[in-house]
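As provided, data_35.pdb (PDB, C-alpha atoms (C1' of nucleotides)) reads as follows.
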```pdb
MODEL        1
ATOM      1  CA  MET I   1      -1.132   3.949  -2.264
ATOM      2  CA  PRO I   2      -0.329   3.775   1.342
ATOM      3  CA  GLU I   3       2.696   2.146   2.796
ATOM      4  CA  LEU I   4       3.615   2.009   6.443
ATOM      5  CA  PRO I   5       4.365   5.734   6.878
ATOM      6  CA  GLU I   6       1.107   6.801   5.270
ATOM      7  CA  VAL I   7      -0.905   4.328   7.325
ATOM      8  CA  GLU I   8       0.904   5.380  10.492
ATOM      9  CA  THR I   9       0.150   9.016   9.689
ATOM     10  CA  VAL I  10      -3.523   8.204   9.258
ATOM     11  CA  LYS I  11      -3.619   6.207  12.477
ATOM     12  CA  ARG I  12      -2.082   9.044  14.466
ATOM     13  CA  ALA I  13      -4.414  11.612  12.991
ATOM     14  CA  ILE I  14      -7.646   9.759  13.692
ATOM     15  CA  GLY I  15      -6.709   8.800  17.267
ATOM     16  CA  PRO I  16      -7.852  11.990  18.985
ATOM     17  CA  LEU I  17     -11.213  11.939  17.205
ATOM     18  CA  ILE I  18     -12.176   8.346  17.804
ATOM     19  CA  THR I  19     -10.471   7.226  21.028
ATOM     20  CA  GLY I  20     -13.042   6.834  23.775
ATOM     21  CA  ASN I  21     -15.712   8.310  21.543
ATOM     22  CA  GLN I  22     -19.119   6.773  20.929
ATOM     23  CA  ILE I  23     -20.373   6.035  17.438
ATOM     24  CA  THR I  24     -23.670   7.739  16.681
ATOM     25  CA  HIS I  25     -23.997   7.206  12.936
ATOM     26  CA  VAL I  26     -22.738   4.587  10.479
ATOM     27  CA  PHE I  27     -22.888   4.972   6.712
ATOM     28  CA  VAL I  28     -22.112   2.140   4.316
ATOM     29  CA  GLY I  29     -22.123   2.930   0.589
ATOM     30  CA  ARG I  30     -20.711   0.347  -1.775
ATOM     31  CA  LYS I  31     -20.118  -2.938  -0.042
ATOM     32  CA  ASP I  32     -18.021  -4.365  -2.871
ATOM     33  CA  LEU I  33     -14.541  -3.302  -1.950
ATOM     34  CA  ARG I  34     -11.742  -5.825  -2.469
ATOM     35  CA  TRP I  35     -13.988  -8.257  -0.676
ATOM     36  CA  ALA I  36     -17.572  -7.807   0.389
ATOM     37  CA  LEU I  37     -17.931  -5.871   3.600
ATOM     38  CA  PRO I  38     -19.040  -7.856   6.651
ATOM     39  CA  VAL I  39     -22.787  -8.104   7.003
ATOM     40  CA  CYS I  40     -24.559  -6.065   9.658
ATOM     41  CA  LEU I  41     -21.624  -3.671   9.878
ATOM     42  CA  GLU I  42     -23.989  -0.806  10.689
ATOM     43  CA  SER I  43     -25.723  -2.536  13.559
ATOM     44  CA  GLN I  44     -22.475  -3.970  14.927
ATOM     45  CA  LEU I  45     -20.868  -0.561  15.131
ATOM     46  CA  SER I  46     -23.857   1.495  16.144
ATOM     47  CA  LYS I  47     -23.612   3.003  19.643
ATOM     48  CA  ALA I  48     -20.253   1.316  20.299
ATOM     49  CA  ILE I  49     -17.267   3.024  21.886
ATOM     50  CA  CYS I  50     -14.051   3.196  19.841
ATOM     51  CA  HIS I  51     -10.723   2.686  21.560
ATOM     52  CA  ALA I  52      -7.251   3.839  20.556
ATOM     53  CA  PRO I  53      -6.387   2.796  16.979
ATOM     54  CA  TYR I  54      -3.170   0.963  16.221
ATOM     55  CA  ARG I  55      -1.352  -0.241  13.136
ATOM     56  CA  ARG I  56      -0.045  -3.610  11.943
ATOM     57  CA  GLY I  57       1.838  -3.508   8.643
ATOM     58  CA  LYS I  58      -0.433  -1.522   6.352
ATOM     59  CA  TYR I  59      -3.578  -2.275   8.356
ATOM     60  CA  ILE I  60      -5.307   0.120  10.728
ATOM     61  CA  LEU I  61      -6.986  -1.632  13.638
ATOM     62  CA  ILE I  62      -9.626  -0.011  15.818
ATOM     63  CA  PRO I  63     -10.922  -1.810  18.923
ATOM     64  CA  ILE I  64     -14.703  -1.450  19.024
ATOM     65  CA  GLY I  65     -16.474  -1.880  22.345
ATOM     66  CA  ASP I  66     -15.065  -4.689  24.470
ATOM     67  CA  GLU I  67     -15.074  -7.579  22.041
ATOM     68  CA  GLN I  68     -14.461  -6.521  18.467
ATOM     69  CA  THR I  69     -11.887  -4.926  16.211
ATOM     70  CA  LEU I  70     -12.444  -2.954  13.023
ATOM     71  CA  LEU I  71      -9.797  -3.552  10.371
ATOM     72  CA  LEU I  72      -9.137  -1.063   7.588
ATOM     73  CA  HIS I  73      -6.829  -1.436   4.609
ATOM     74  CA  LEU I  74      -6.432   1.409   2.133
ATOM     75  CA  GLY I  75      -5.419  -0.627  -0.911
ATOM     76  CA  MET I  76      -3.762   1.476  -3.603
ATOM     77  CA  SER I  77      -5.998   4.526  -3.648
ATOM     78  CA  GLY I  78      -7.687   4.610  -0.267
ATOM     79  CA  SER I  79      -7.698   7.513   2.139
ATOM     80  CA  ILE I  80      -9.329   8.402   5.428
ATOM     81  CA  ARG I  81     -10.498  11.901   6.221
ATOM     82  CA  ILE I  82     -11.890  13.416   9.381
ATOM     83  CA  TYR I  83     -14.329  16.271   9.705
ATOM     84  CA  PRO I  84     -15.597  18.334  12.645
ATOM     85  CA  ASN I  85     -19.146  18.066  11.311
ATOM     86  CA  ARG I  86     -21.185  15.783   9.076
ATOM     87  CA  PRO I  87     -19.658  16.094   5.585
ATOM     88  CA  ASN I  88     -21.285  15.815   2.194
ATOM     89  CA  LEU I  89     -20.130  12.417   1.005
ATOM     90  CA  GLN I  90     -18.488  12.103  -2.390
ATOM     91  CA  LYS I  91     -18.686   9.450  -5.070
ATOM     92  CA  HIS I  92     -15.942   7.223  -3.671
ATOM     93  CA  ASP I  93     -16.750   7.606   0.012
ATOM     94  CA  HIS I  94     -17.774   4.023   0.776
ATOM     95  CA  PHE I  95     -17.857   4.047   4.549
ATOM     96  CA  ALA I  96     -18.283   6.698   7.222
ATOM     97  CA  ILE I  97     -18.719   6.890  10.969
ATOM     98  CA  GLY I  98     -20.230   9.776  12.904
ATOM     99  CA  PHE I  99     -19.261  10.304  16.550
ATOM    100  CA  GLU I 100     -20.750  11.920  19.577
ATOM    101  CA  GLY I 101     -19.611  15.518  19.373
ATOM    102  CA  ASN I 102     -20.308  15.599  15.601
ATOM    103  CA  GLY I 103     -16.892  14.446  14.362
ATOM    104  CA  TRP I 104     -16.864  12.170  11.324
ATOM    105  CA  LEU I 105     -14.429   9.666   9.869
ATOM    106  CA  VAL I 106     -14.769   8.932   6.141
ATOM    107  CA  PHE I 107     -13.172   6.044   4.221
ATOM    108  CA  SER I 108     -12.720   6.779   0.539
ATOM    109  CA  ASP I 109     -11.265   4.501  -2.132
ATOM    110  CA  PRO I 110     -11.748   5.085  -5.880
ATOM    111  CA  ARG I 111     -10.189   1.824  -7.032
ATOM    112  CA  ARG I 112     -11.789  -0.242  -4.289
ATOM    113  CA  PHE I 113      -8.680  -2.339  -3.621
ATOM    114  CA  GLY I 114      -9.154  -1.461   0.017
ATOM    115  CA  TYR I 115     -10.851  -3.608   2.568
ATOM    116  CA  ILE I 116     -12.879  -3.333   5.758
ATOM    117  CA  ASP I 117     -13.499  -6.137   8.234
ATOM    118  CA  LEU I 118     -14.900  -6.522  11.709
ATOM    119  CA  PHE I 119     -13.877  -9.488  13.809
ATOM    120  CA  ALA I 120     -13.809 -10.744  17.383
ATOM    121  CA  ASN I 121     -10.809  -9.729  19.466
ATOM    122  CA  SER I 122     -10.262 -13.407  20.199
ATOM    123  CA  ASP I 123      -9.422 -13.853  16.498
ATOM    124  CA  ILE I 124      -6.727 -11.186  16.458
ATOM    125  CA  THR I 125      -3.908 -13.698  16.172
ATOM    126  CA  SER I 126      -5.741 -15.986  13.763
ATOM    127  CA  HIS I 127      -7.186 -13.457  11.313
ATOM    128  CA  ARG I 128      -6.219 -14.639   7.848
ATOM    129  CA  LEU I 129      -4.810 -11.263   6.834
ATOM    130  CA  LEU I 130      -2.909 -10.551  10.036
ATOM    131  CA  LYS I 131      -1.474 -13.928  10.920
ATOM    132  CA  ILE I 132       0.719 -14.071   7.814
ATOM    133  CA  LEU I 133       2.428 -10.731   8.409
ATOM    134  CA  GLY I 134       6.137 -10.577   9.139
ATOM    135  CA  PRO I 135       7.603  -8.390  11.866
ATOM    136  CA  GLU I 136       7.258  -4.650  11.999
ATOM    137  CA  PRO I 137      10.288  -3.052  10.339
ATOM    138  CA  LEU I 138      10.569  -0.532  13.174
ATOM    139  CA  SER I 139      10.498  -3.177  15.876
ATOM    140  CA  GLU I 140      13.437  -4.753  17.682
ATOM    141  CA  GLU I 141      12.584  -7.988  15.940
ATOM    142  CA  PHE I 142      13.684  -6.628  12.557
ATOM    143  CA  THR I 143      17.454  -6.896  12.741
ATOM    144  CA  PRO I 144      20.255  -7.624  10.250
ATOM    145  CA  GLU I 145      20.385 -11.112  11.742
ATOM    146  CA  TYR I 146      16.660 -11.632  11.109
ATOM    147  CA  LEU I 147      16.981 -10.398   7.526
ATOM    148  CA  SER I 148      20.037 -12.545   6.829
ATOM    149  CA  LYS I 149      18.199 -15.587   8.087
ATOM    150  CA  LYS I 150      15.013 -14.908   6.089
ATOM    151  CA  VAL I 151      16.783 -14.366   2.762
ATOM    152  CA  GLU I 152      18.606 -17.689   2.937
ATOM    153  CA  HIS I 153      18.158 -19.645  -0.321
ATOM    154  CA  LYS I 154      15.920 -16.901  -1.760
ATOM    155  CA  THR I 155      16.703 -16.436  -5.436
ATOM    156  CA  CYS I 156      14.157 -13.680  -5.987
ATOM    157  CA  SER I 157      15.382 -10.082  -6.119
ATOM    158  CA  ILE I 158      15.838  -8.182  -2.874
ATOM    159  CA  LYS I 159      13.314  -5.642  -4.166
ATOM    160  CA  SER I 160      10.617  -8.291  -4.557
ATOM    161  CA  PHE I 161      11.595  -9.734  -1.190
ATOM    162  CA  LEU I 162      11.073  -6.412   0.586
ATOM    163  CA  LEU I 163       7.569  -6.137  -0.891
ATOM    164  CA  ASP I 164       6.617  -9.528   0.580
ATOM    165  CA  GLN I 165       4.543  -8.657   3.646
ATOM    166  CA  THR I 166       5.118 -12.086   5.154
ATOM    167  CA  LYS I 167       8.835 -11.289   5.487
ATOM    168  CA  VAL I 168       8.543  -7.755   6.855
ATOM    169  CA  ALA I 169       5.251  -5.885   7.085
ATOM    170  CA  GLY I 170       4.703  -2.387   5.787
ATOM    171  CA  ILE I 171       7.269  -1.695   3.085
ATOM    172  CA  GLY I 172       5.840  -0.868  -0.341
ATOM    173  CA  ASN I 173       7.127   0.190  -3.719
ATOM    174  CA  ILE I 174       8.261   3.700  -2.802
ATOM    175  CA  TYR I 175      10.200   2.894   0.322
ATOM    176  CA  ALA I 176      11.723  -0.284  -1.084
ATOM    177  CA  SER I 177      13.360   1.780  -3.836
ATOM    178  CA  GLU I 178      14.390   4.513  -1.429
ATOM    179  CA  ALA I 179      15.846   2.157   1.169
ATOM    180  CA  LEU I 180      17.822   0.170  -1.409
ATOM    181  CA  PHE I 181      19.331   3.392  -2.707
ATOM    182  CA  LYS I 182      20.243   4.524   0.786
ATOM    183  CA  ALA I 183      21.874   1.155   1.452
ATOM    184  CA  GLY I 184      23.722   1.141  -1.876
ATOM    185  CA  ILE I 185      22.161  -2.160  -2.898
ATOM    186  CA  SER I 186      20.865  -2.932  -6.391
ATOM    187  CA  PRO I 187      17.185  -3.907  -6.542
ATOM    188  CA  LYS I 188      18.248  -6.689  -8.935
ATOM    189  CA  ARG I 189      20.539  -8.347  -6.417
ATOM    190  CA  GLN I 190      19.395 -11.799  -5.344
ATOM    191  CA  ALA I 191      17.862 -11.710  -1.892
ATOM    192  CA  LYS I 192      20.079 -14.482  -0.596
ATOM    193  CA  THR I 193      23.173 -12.315  -1.051
ATOM    194  CA  ILE I 194      21.929  -9.760   1.492
ATOM    195  CA  LYS I 195      23.820 -10.818   4.553
ATOM    196  CA  GLY I 196      26.685  -9.534   6.652
ATOM    197  CA  LYS I 197      27.570  -5.938   5.811
ATOM    198  CA  ARG I 198      24.764  -5.547   3.304
ATOM    199  CA  ALA I 199      22.140  -6.589   5.816
ATOM    200  CA  GLU I 200      23.739  -4.267   8.334
ATOM    201  CA  ARG I 201      23.294  -1.412   5.880
ATOM    202  CA  LEU I 202      19.831  -2.302   4.608
ATOM    203  CA  VAL I 203      18.002  -2.729   7.912
ATOM    204  CA  PRO I 204      18.914   0.706   9.304
ATOM    205  CA  ALA I 205      18.365   2.279   5.876
ATOM    206  CA  ILE I 206      14.791   0.965   5.877
ATOM    207  CA  GLN I 207      14.252   2.184   9.423
ATOM    208  CA  VAL I 208      15.634   5.671   8.831
ATOM    209  CA  ILE I 209      13.612   6.140   5.640
ATOM    210  CA  LEU I 210      10.391   4.986   7.270
ATOM    211  CA  LYS I 211      10.899   7.181  10.337
ATOM    212  CA  LYS I 212      11.637  10.264   8.273
ATOM    213  CA  ALA I 213       8.634   9.597   6.072
ATOM    214  CA  ILE I 214       6.394   9.297   9.119
ATOM    215  CA  GLU I 215       7.727  12.599  10.460
ATOM    216  CA  ALA I 216       6.897  14.207   7.114
ATOM    217  CA  GLY I 217       3.333  12.881   7.120
ATOM    218  CA  GLY I 218       3.989  10.283   4.417
ATOM    219  CA  THR I 219       4.359  10.688   0.668
ATOM    220  CA  SER I 220       1.595  12.320  -1.362
ATOM    221  CA  LEU I 221       1.761  11.391  -5.025
ATOM    222  CA  ARG I 222      -1.817  11.042  -6.176
ATOM    223  CA  ASP I 223      -4.203   9.893  -3.517
ATOM    224  CA  HIS I 224      -2.598  10.094  -0.118
ATOM    225  CA  ILE I 225      -3.771  12.915   2.090
ATOM    226  CA  GLN I 226      -3.586  13.114   5.842
ATOM    227  CA  PRO I 227      -6.997  12.826   7.470
ATOM    228  CA  GLY I 228      -7.126  16.547   8.195
ATOM    229  CA  GLY I 229      -6.588  17.358   4.521
ATOM    230  CA  GLU I 230      -2.837  18.028   4.641
ATOM    231  CA  ILE I 231      -0.618  16.343   2.075
ATOM    232  CA  GLY I 232       2.403  14.263   3.067
ATOM    233  CA  TYR I 233       5.650  16.089   2.481
ATOM    234  CA  PHE I 234       8.042  13.180   2.093
ATOM    235  CA  VAL I 235       7.508  13.393  -1.667
ATOM    236  CA  GLN I 236      10.062  16.207  -1.552
ATOM    237  CA  SER I 237      12.601  13.865   0.018
ATOM    238  CA  LEU I 238      12.306  11.036  -2.502
ATOM    239  CA  GLN I 239      15.717  10.428  -4.075
ATOM    240  CA  MET I 240      14.853   7.660  -6.547
ATOM    241  CA  TYR I 241      11.151   6.897  -6.722
ATOM    242  CA  GLY I 242       9.458   8.522  -9.692
ATOM    243  CA  ARG I 243      12.709  10.099 -10.885
ATOM    244  CA  GLY I 244      13.605   7.901 -13.849
ATOM    245  CA  GLY I 245      16.040   9.703 -16.171
ATOM    246  CA  GLU I 246      16.925  12.361 -13.612
ATOM    247  CA  SER I 247      20.387  12.566 -12.094
ATOM    248  CA  CYS I 248      21.383  10.483  -9.120
ATOM    249  CA  PRO I 249      21.807  12.911  -6.200
ATOM    250  CA  ASN I 250      25.015  11.105  -5.265
ATOM    251  CA  CYS I 251      26.886  10.548  -8.552
ATOM    252  CA  SER I 252      24.758  12.328 -11.179
ATOM    253  CA  ALA I 253      24.332   9.232 -13.327
ATOM    254  CA  ALA I 254      20.904   8.854 -14.904
ATOM    255  CA  ILE I 255      18.412   7.094 -12.622
ATOM    256  CA  ARG I 256      17.343   3.816 -14.189
ATOM    257  CA  VAL I 257      13.867   2.320 -14.371
ATOM    258  CA  LEU I 258      13.184  -1.397 -14.125
ATOM    259  CA  LYS I 259      10.145  -3.676 -13.944
ATOM    260  CA  GLN I 260      10.330  -6.362 -11.269
ATOM    261  CA  SER I 261       7.427  -8.681 -10.536
ATOM    262  CA  GLY I 262       5.138  -6.178 -12.198
ATOM    263  CA  ARG I 263       6.343  -3.238 -10.097
ATOM    264  CA  THR I 264       8.523  -0.345 -11.196
ATOM    265  CA  SER I 265      11.898   0.040  -9.514
ATOM    266  CA  PHE I 266      14.108   3.124  -9.644
ATOM    267  CA  TYR I 267      17.805   2.851  -8.960
ATOM    268  CA  CYS I 268      21.292   4.139  -9.676
ATOM    269  CA  GLY I 269      23.423   1.658 -11.590
ATOM    270  CA  ILE I 270      26.585   3.246 -10.196
ATOM    271  CA  CYS I 271      25.765   3.717  -6.517
ATOM    272  CA  GLN I 272      23.761   0.541  -6.083
ATOM    273  CA  ARG I 273      25.514  -2.783  -6.526
TER     274      ARG I 273
ATOM    275  C1'  DA C 274       8.102 -24.867  -3.338
ATOM    276  C1'  DA C 275       9.289 -20.624  -5.173
ATOM    277  C1'  DC C 276       8.723 -17.232  -8.157
ATOM    278  C1'  DA C 277       6.535 -14.321 -11.823
ATOM    279  C1'  DA C 278       2.509 -12.892 -14.012
ATOM    280  C1'  DG C 279      -2.430 -12.006 -13.927
ATOM    281  C1'  DA C 280      -6.302 -10.116 -11.945
ATOM    282  C1'  DC C 281      -9.002  -6.808  -9.510
ATOM    283  C1'  DC C 282     -10.834  -1.245 -10.441
ATOM    284  C1'  DT C 283     -10.850   3.687 -11.413
ATOM    285  C1'  DG C 284      -8.727   7.986 -12.733
ATOM    286  C1'  DC C 285      -5.327  10.478 -14.918
ATOM    287  C1'  DA C 286      -1.671  11.792 -18.315
ATOM    288  C1'  DT C 287      -0.176  11.140 -22.855
ATOM    289  C1'  DG C 288      -0.375  10.707 -27.739
ATOM    290  C1'  DC C 289      -2.651  10.115 -32.058
TER     291       DC C 289
ATOM    292  C1'  DT Z 290     -12.326  17.011 -28.774
ATOM    293  C1'  DG Z 291     -12.404  12.128 -28.559
ATOM    294  C1'  DC Z 292     -10.549   7.770 -28.076
ATOM    295  C1'  DA Z 293      -6.956   4.262 -27.078
ATOM    296  C1'  DT Z 294      -3.127   3.209 -24.276
ATOM    297  C1'  DG Z 295      -0.452   2.791 -20.281
ATOM    298  C1'  DC Z 296       0.402   3.669 -15.645
ATOM    299  C1'  DA Z 297      -0.476   4.032 -10.477
ATOM    300  C1'  DG Z 298       1.485   3.834  -3.305
ATOM    301  C1'  DG Z 299      -1.369  -3.425  -2.989
ATOM    302  C1'  DT Z 300      -1.841  -8.200  -2.663
ATOM    303  C1'  DC Z 301      -4.543 -12.451  -3.438
ATOM    304  C1'  DT Z 302      -4.834 -15.949  -6.994
ATOM    305  C1'  DT Z 303      -3.217 -18.390 -10.845
ATOM    306  C1'  DG Z 304       0.279 -20.276 -13.830
ATOM    307  C1'  DT Z 305       5.003 -21.857 -14.803
TER     308       DT Z 305
ENDMDL
END
```

Write the structure described by the file as structure tokens, please.
Amino acid sequence: MPELPEVETVKRAIGPLITGNQITHVFVGRKDLRWALPVCLESQLSKAICHAPYRRGKYILIPIGDEQTLLLHLGMSGSIRIYPNRPNLQKHDHFAIGFEGNGWLVFSDPRRFGYIDLFANSDITSHRLLKILGPEPLSEEFTPEYLSKKVEHKTCSIKSFLLDQTKVAGIGNIYASEALFKAGISPKRQAKTIKGKRAERLVPAIQVILKKAIEAGGTSLRDHIQPGGEIGYFVQSLQMYGRGGESCPNCSAAIRVLKQSGRTSFYCGICQR
DNA sequence: AACAAGACCTGCATGC
DNA sequence: TGCATGCAGGTCTTGT
């Protein structure tokens, strides 16, 4: 489900509830998410103070106390909700934290592709899931020059390349399709051909799409909701994703659907070359 | 080494 | 109505 904009939306929404707040209750339901939850999660978190959450790629990171960090990944179907008072937990609510002042944070994930970990702050740069991530697409590090360099000799499609979190961290299936449309680049194009003018179009296209999606609270298709219960409104701004057979907003040609590396791509065969 | 396909898991829409 | 099928915002693991 969640790509960078959805995760960023969640991070921003939970900040006011958890920052500087002390944990009073910890609930762990099913421990078999994508991987088994860390042992003693309850006792490790109990009574600790949470600090300001931040995001890396599609991961939410919450400093706990002085020495540890809680890592959350929402997988395909995960969501985080917040409540002013203790909620009645539902079937797929696998993890929940209660705070001083009665606020609650609930992690829900029907498909259980999500993941929760707790690790020492000293391991932040060596954590197996974090250390492989490429730069943030909204950072100064992600430039046309960086992209041109990384795609060298890559014969895979640019669409598959953009989904590789080790190259750039946070882009998923929706925003890859949207950004390629905005840049006028075919998802089938070999990655190594994205240099010069094409790279100069694609990098800002990615950045504009992601920023607008964040402003809209992300894209709600099936599972994504903002922690306060609001949906994400960027779904109304999607030009390609999920619109197979509809007319291209630019040239009116039928939007095409394609499978690449097991993922569906949507594109305009006229506007994207 | 690089890439594509498979696997993980549940819920929902569709069609017979 | 019931059942089978296919699909879904991710990504690690396996196979070619």

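Proximity of I:Lys192, I:Lys167, I:Arg34, I:Lys47 to chain Z, computed with only C-alpha atoms (C1' of nucleotides), is greatest for I:Arg34.
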
Practice prompt. Evaluate the PyMOL selection byres ((chain I and resi 171-185) around 7) and record the selected residues as a ChimeraX atom specification, following the chain and residue labels used in the document.
Written response: /I:3-4,159,162-163,169-170,186-187,201-202,205-206,209,238-241,265-267,271-273 /Z:298

Item to complete: Report as a ChimeraX atom specification the residues that result from applying the PyMOL selection byres ((chain I and resi 37) around 10) to the structure here.
Response: /I:28,30-36,38-41,95,115-118

Discussion item. As a list in words, could you give me every residue of chain Z near chain I (at most 10 Å apart, counting only C-alpha atoms (C1' of nucleotides))?
Written reply: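 Residues satisfying the distance criterion: DA297, DG298, DG299, DT300 and DC301 of chain Z.
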
Practice prompt. List the neighbours of region 278-286 of chain C out to 8 Å using all atoms listed in the file; skip same-chain residues closer than 3 positions along the sequence, and give me the result as an MDAnalysis selection string.
Written response: (chainID I and resid 34 110:113 261:262) or (chainID Z and resid 302:304)

Could you write those residues out with C-alpha atoms (C1' of nucleotides), as a PDB file, in the frame of the given file?
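Contents of again02.pdb, freshly written:
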```
ATOM      1  CA  ARG I  34     -11.742  -5.825  -2.469  1.00  0.00           C
ATOM      2  CA  PRO I 110     -11.748   5.085  -5.880  1.00  0.00           C
ATOM      3  CA  ARG I 111     -10.189   1.824  -7.032  1.00  0.00           C
ATOM      4  CA  ARG I 112     -11.789  -0.242  -4.289  1.00  0.00           C
ATOM      5  CA  PHE I 113      -8.680  -2.339  -3.621  1.00  0.00           C
ATOM      6  CA  SER I 261       7.427  -8.681 -10.536  1.00  0.00           C
ATOM      7  CA  GLY I 262       5.138  -6.178 -12.198  1.00  0.00           C
TER       8      GLY I 262
ATOM      9  C1'  DT Z 302      -4.834 -15.949  -6.994  1.00  0.00           C
ATOM     10  C1'  DT Z 303      -3.217 -18.390 -10.845  1.00  0.00           C
ATOM     11  C1'  DG Z 304       0.279 -20.276 -13.830  1.00  0.00           C
TER      12       DG Z 304
END
```

Item to complete: Go through the shown structure with the PyMOL selection byres ((chain I and resi 245) around 6) and write out the matching residues as a PyMOL selection string.
Response: chain I and resi 244+246+254-255

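Taking CA of Gln44 (chain I) and CA of His127 (chain I) as endpoints, the distance between them is 18.4 Å.
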
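The space separating CA of Pro5 (chain I) from CA of Lys211 (chain I) comes to 7.5 Å.
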
Fill in: Closest of I:Pro87, I:Gly65, I:Pro204, I:Gly20 to Leu45 (chain I) - atom-to-atom distances counting all atoms listed in the file
I:Gly65

Discussion item. One number please: CA of Leu71 (chain I) to CA of Gly218 (chain I), in Å, one decimal.
Written reply: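 CA of Leu71 (chain I) sits 20.4 Å away from CA of Gly218 (chain I).
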
Fill in: region 144-149 of chain I environment, 6 Å, all atoms listed in the file, sequence neighbours closer than 5 positions dropped, as a list in words
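Listed by chain and then number, they are Lys195, Ala199, Glu200 and Val203 of chain I.
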
Worksheet item: Hey, what's within 10 Å of Thr19 (chain I) if we count all atoms listed in the file and toss same-chain stuff fewer than 4 positions away? As a PyMOL selection string, please?
Response: chain I and resi 14-15+49-53+62-64

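Nearest to chain C of all the residues I:Glu152, I:Glu8, I:Glu100, I:Asp109 is I:Asp109, based on only C-alpha atoms (C1' of nucleotides).
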
Worksheet entry | Residues near DG288 (chain C), cut-off 12 Å, all atoms listed in the file, skip fewer than 6 positions along chain, as a PyMOL selection string | chain Z and resi 292-295

Atom completion result for region 39-53 of chain I (N, CA and C atoms) as a PDB file, in the frame of the given file:
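Written file, out16.pdb:
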```pdb
ATOM      1  N   VAL I  39     -21.365  -8.412   6.885  1.00  0.00           N
ATOM      2  CA  VAL I  39     -22.787  -8.104   7.003  1.00  0.00           C
ATOM      3  C   VAL I  39     -23.059  -7.462   8.366  1.00  0.00           C
ATOM      4  N   CYS I  40     -24.127  -6.689   8.398  1.00  0.00           N
ATOM      5  CA  CYS I  40     -24.559  -6.065   9.658  1.00  0.00           C
ATOM      6  C   CYS I  40     -23.494  -5.146  10.246  1.00  0.00           C
ATOM      7  N   LEU I  41     -22.653  -4.581   9.385  1.00  0.00           N
ATOM      8  CA  LEU I  41     -21.624  -3.671   9.878  1.00  0.00           C
ATOM      9  C   LEU I  41     -22.260  -2.487  10.621  1.00  0.00           C
ATOM     10  N   GLU I  42     -23.336  -1.969  10.065  1.00  0.00           N
ATOM     11  CA  GLU I  42     -23.989  -0.806  10.689  1.00  0.00           C
ATOM     12  C   GLU I  42     -24.446  -1.125  12.106  1.00  0.00           C
ATOM     13  N   SER I  43     -25.168  -2.224  12.241  1.00  0.00           N
ATOM     14  CA  SER I  43     -25.723  -2.536  13.559  1.00  0.00           C
ATOM     15  C   SER I  43     -24.639  -2.938  14.552  1.00  0.00           C
ATOM     16  N   GLN I  44     -23.570  -3.570  14.046  1.00  0.00           N
ATOM     17  CA  GLN I  44     -22.475  -3.970  14.927  1.00  0.00           C
ATOM     18  C   GLN I  44     -21.735  -2.760  15.501  1.00  0.00           C
ATOM     19  N   LEU I  45     -21.642  -1.729  14.695  1.00  0.00           N
ATOM     20  CA  LEU I  45     -20.868  -0.561  15.131  1.00  0.00           C
ATOM     21  C   LEU I  45     -21.712   0.462  15.882  1.00  0.00           C
ATOM     22  N   SER I  46     -22.984   0.461  15.593  1.00  0.00           N
ATOM     23  CA  SER I  46     -23.857   1.495  16.144  1.00  0.00           C
ATOM     24  C   SER I  46     -23.817   1.536  17.664  1.00  0.00           C
ATOM     25  N   LYS I  47     -23.618   2.734  18.190  1.00  0.00           N
ATOM     26  CA  LYS I  47     -23.612   3.003  19.643  1.00  0.00           C
ATOM     27  C   LYS I  47     -22.351   2.520  20.366  1.00  0.00           C
ATOM     28  N   ALA I  48     -21.451   1.857  19.640  1.00  0.00           N
ATOM     29  CA  ALA I  48     -20.253   1.316  20.299  1.00  0.00           C
ATOM     30  C   ALA I  48     -19.236   2.415  20.592  1.00  0.00           C
ATOM     31  N   ILE I  49     -18.369   2.123  21.554  1.00  0.00           N
ATOM     32  CA  ILE I  49     -17.267   3.024  21.886  1.00  0.00           C
ATOM     33  C   ILE I  49     -16.008   2.563  21.142  1.00  0.00           C
ATOM     34  N   CYS I  50     -15.325   3.511  20.496  1.00  0.00           N
ATOM     35  CA  CYS I  50     -14.051   3.196  19.841  1.00  0.00           C
ATOM     36  C   CYS I  50     -12.910   3.396  20.826  1.00  0.00           C
ATOM     37  N   HIS I  51     -11.922   2.522  20.739  1.00  0.00           N
ATOM     38  CA  HIS I  51     -10.723   2.686  21.560  1.00  0.00           C
ATOM     39  C   HIS I  51      -9.555   3.110  20.672  1.00  0.00           C
ATOM     40  N   ALA I  52      -8.397   3.284  21.288  1.00  0.00           N
ATOM     41  CA  ALA I  52      -7.251   3.839  20.556  1.00  0.00           C
ATOM     42  C   ALA I  52      -6.868   2.968  19.357  1.00  0.00           C
ATOM     43  N   PRO I  53      -6.761   3.562  18.166  1.00  0.00           N
ATOM     44  CA  PRO I  53      -6.387   2.796  16.979  1.00  0.00           C
ATOM     45  C   PRO I  53      -4.909   2.430  17.023  1.00  0.00           C
TER      46      PRO I  53
END
```
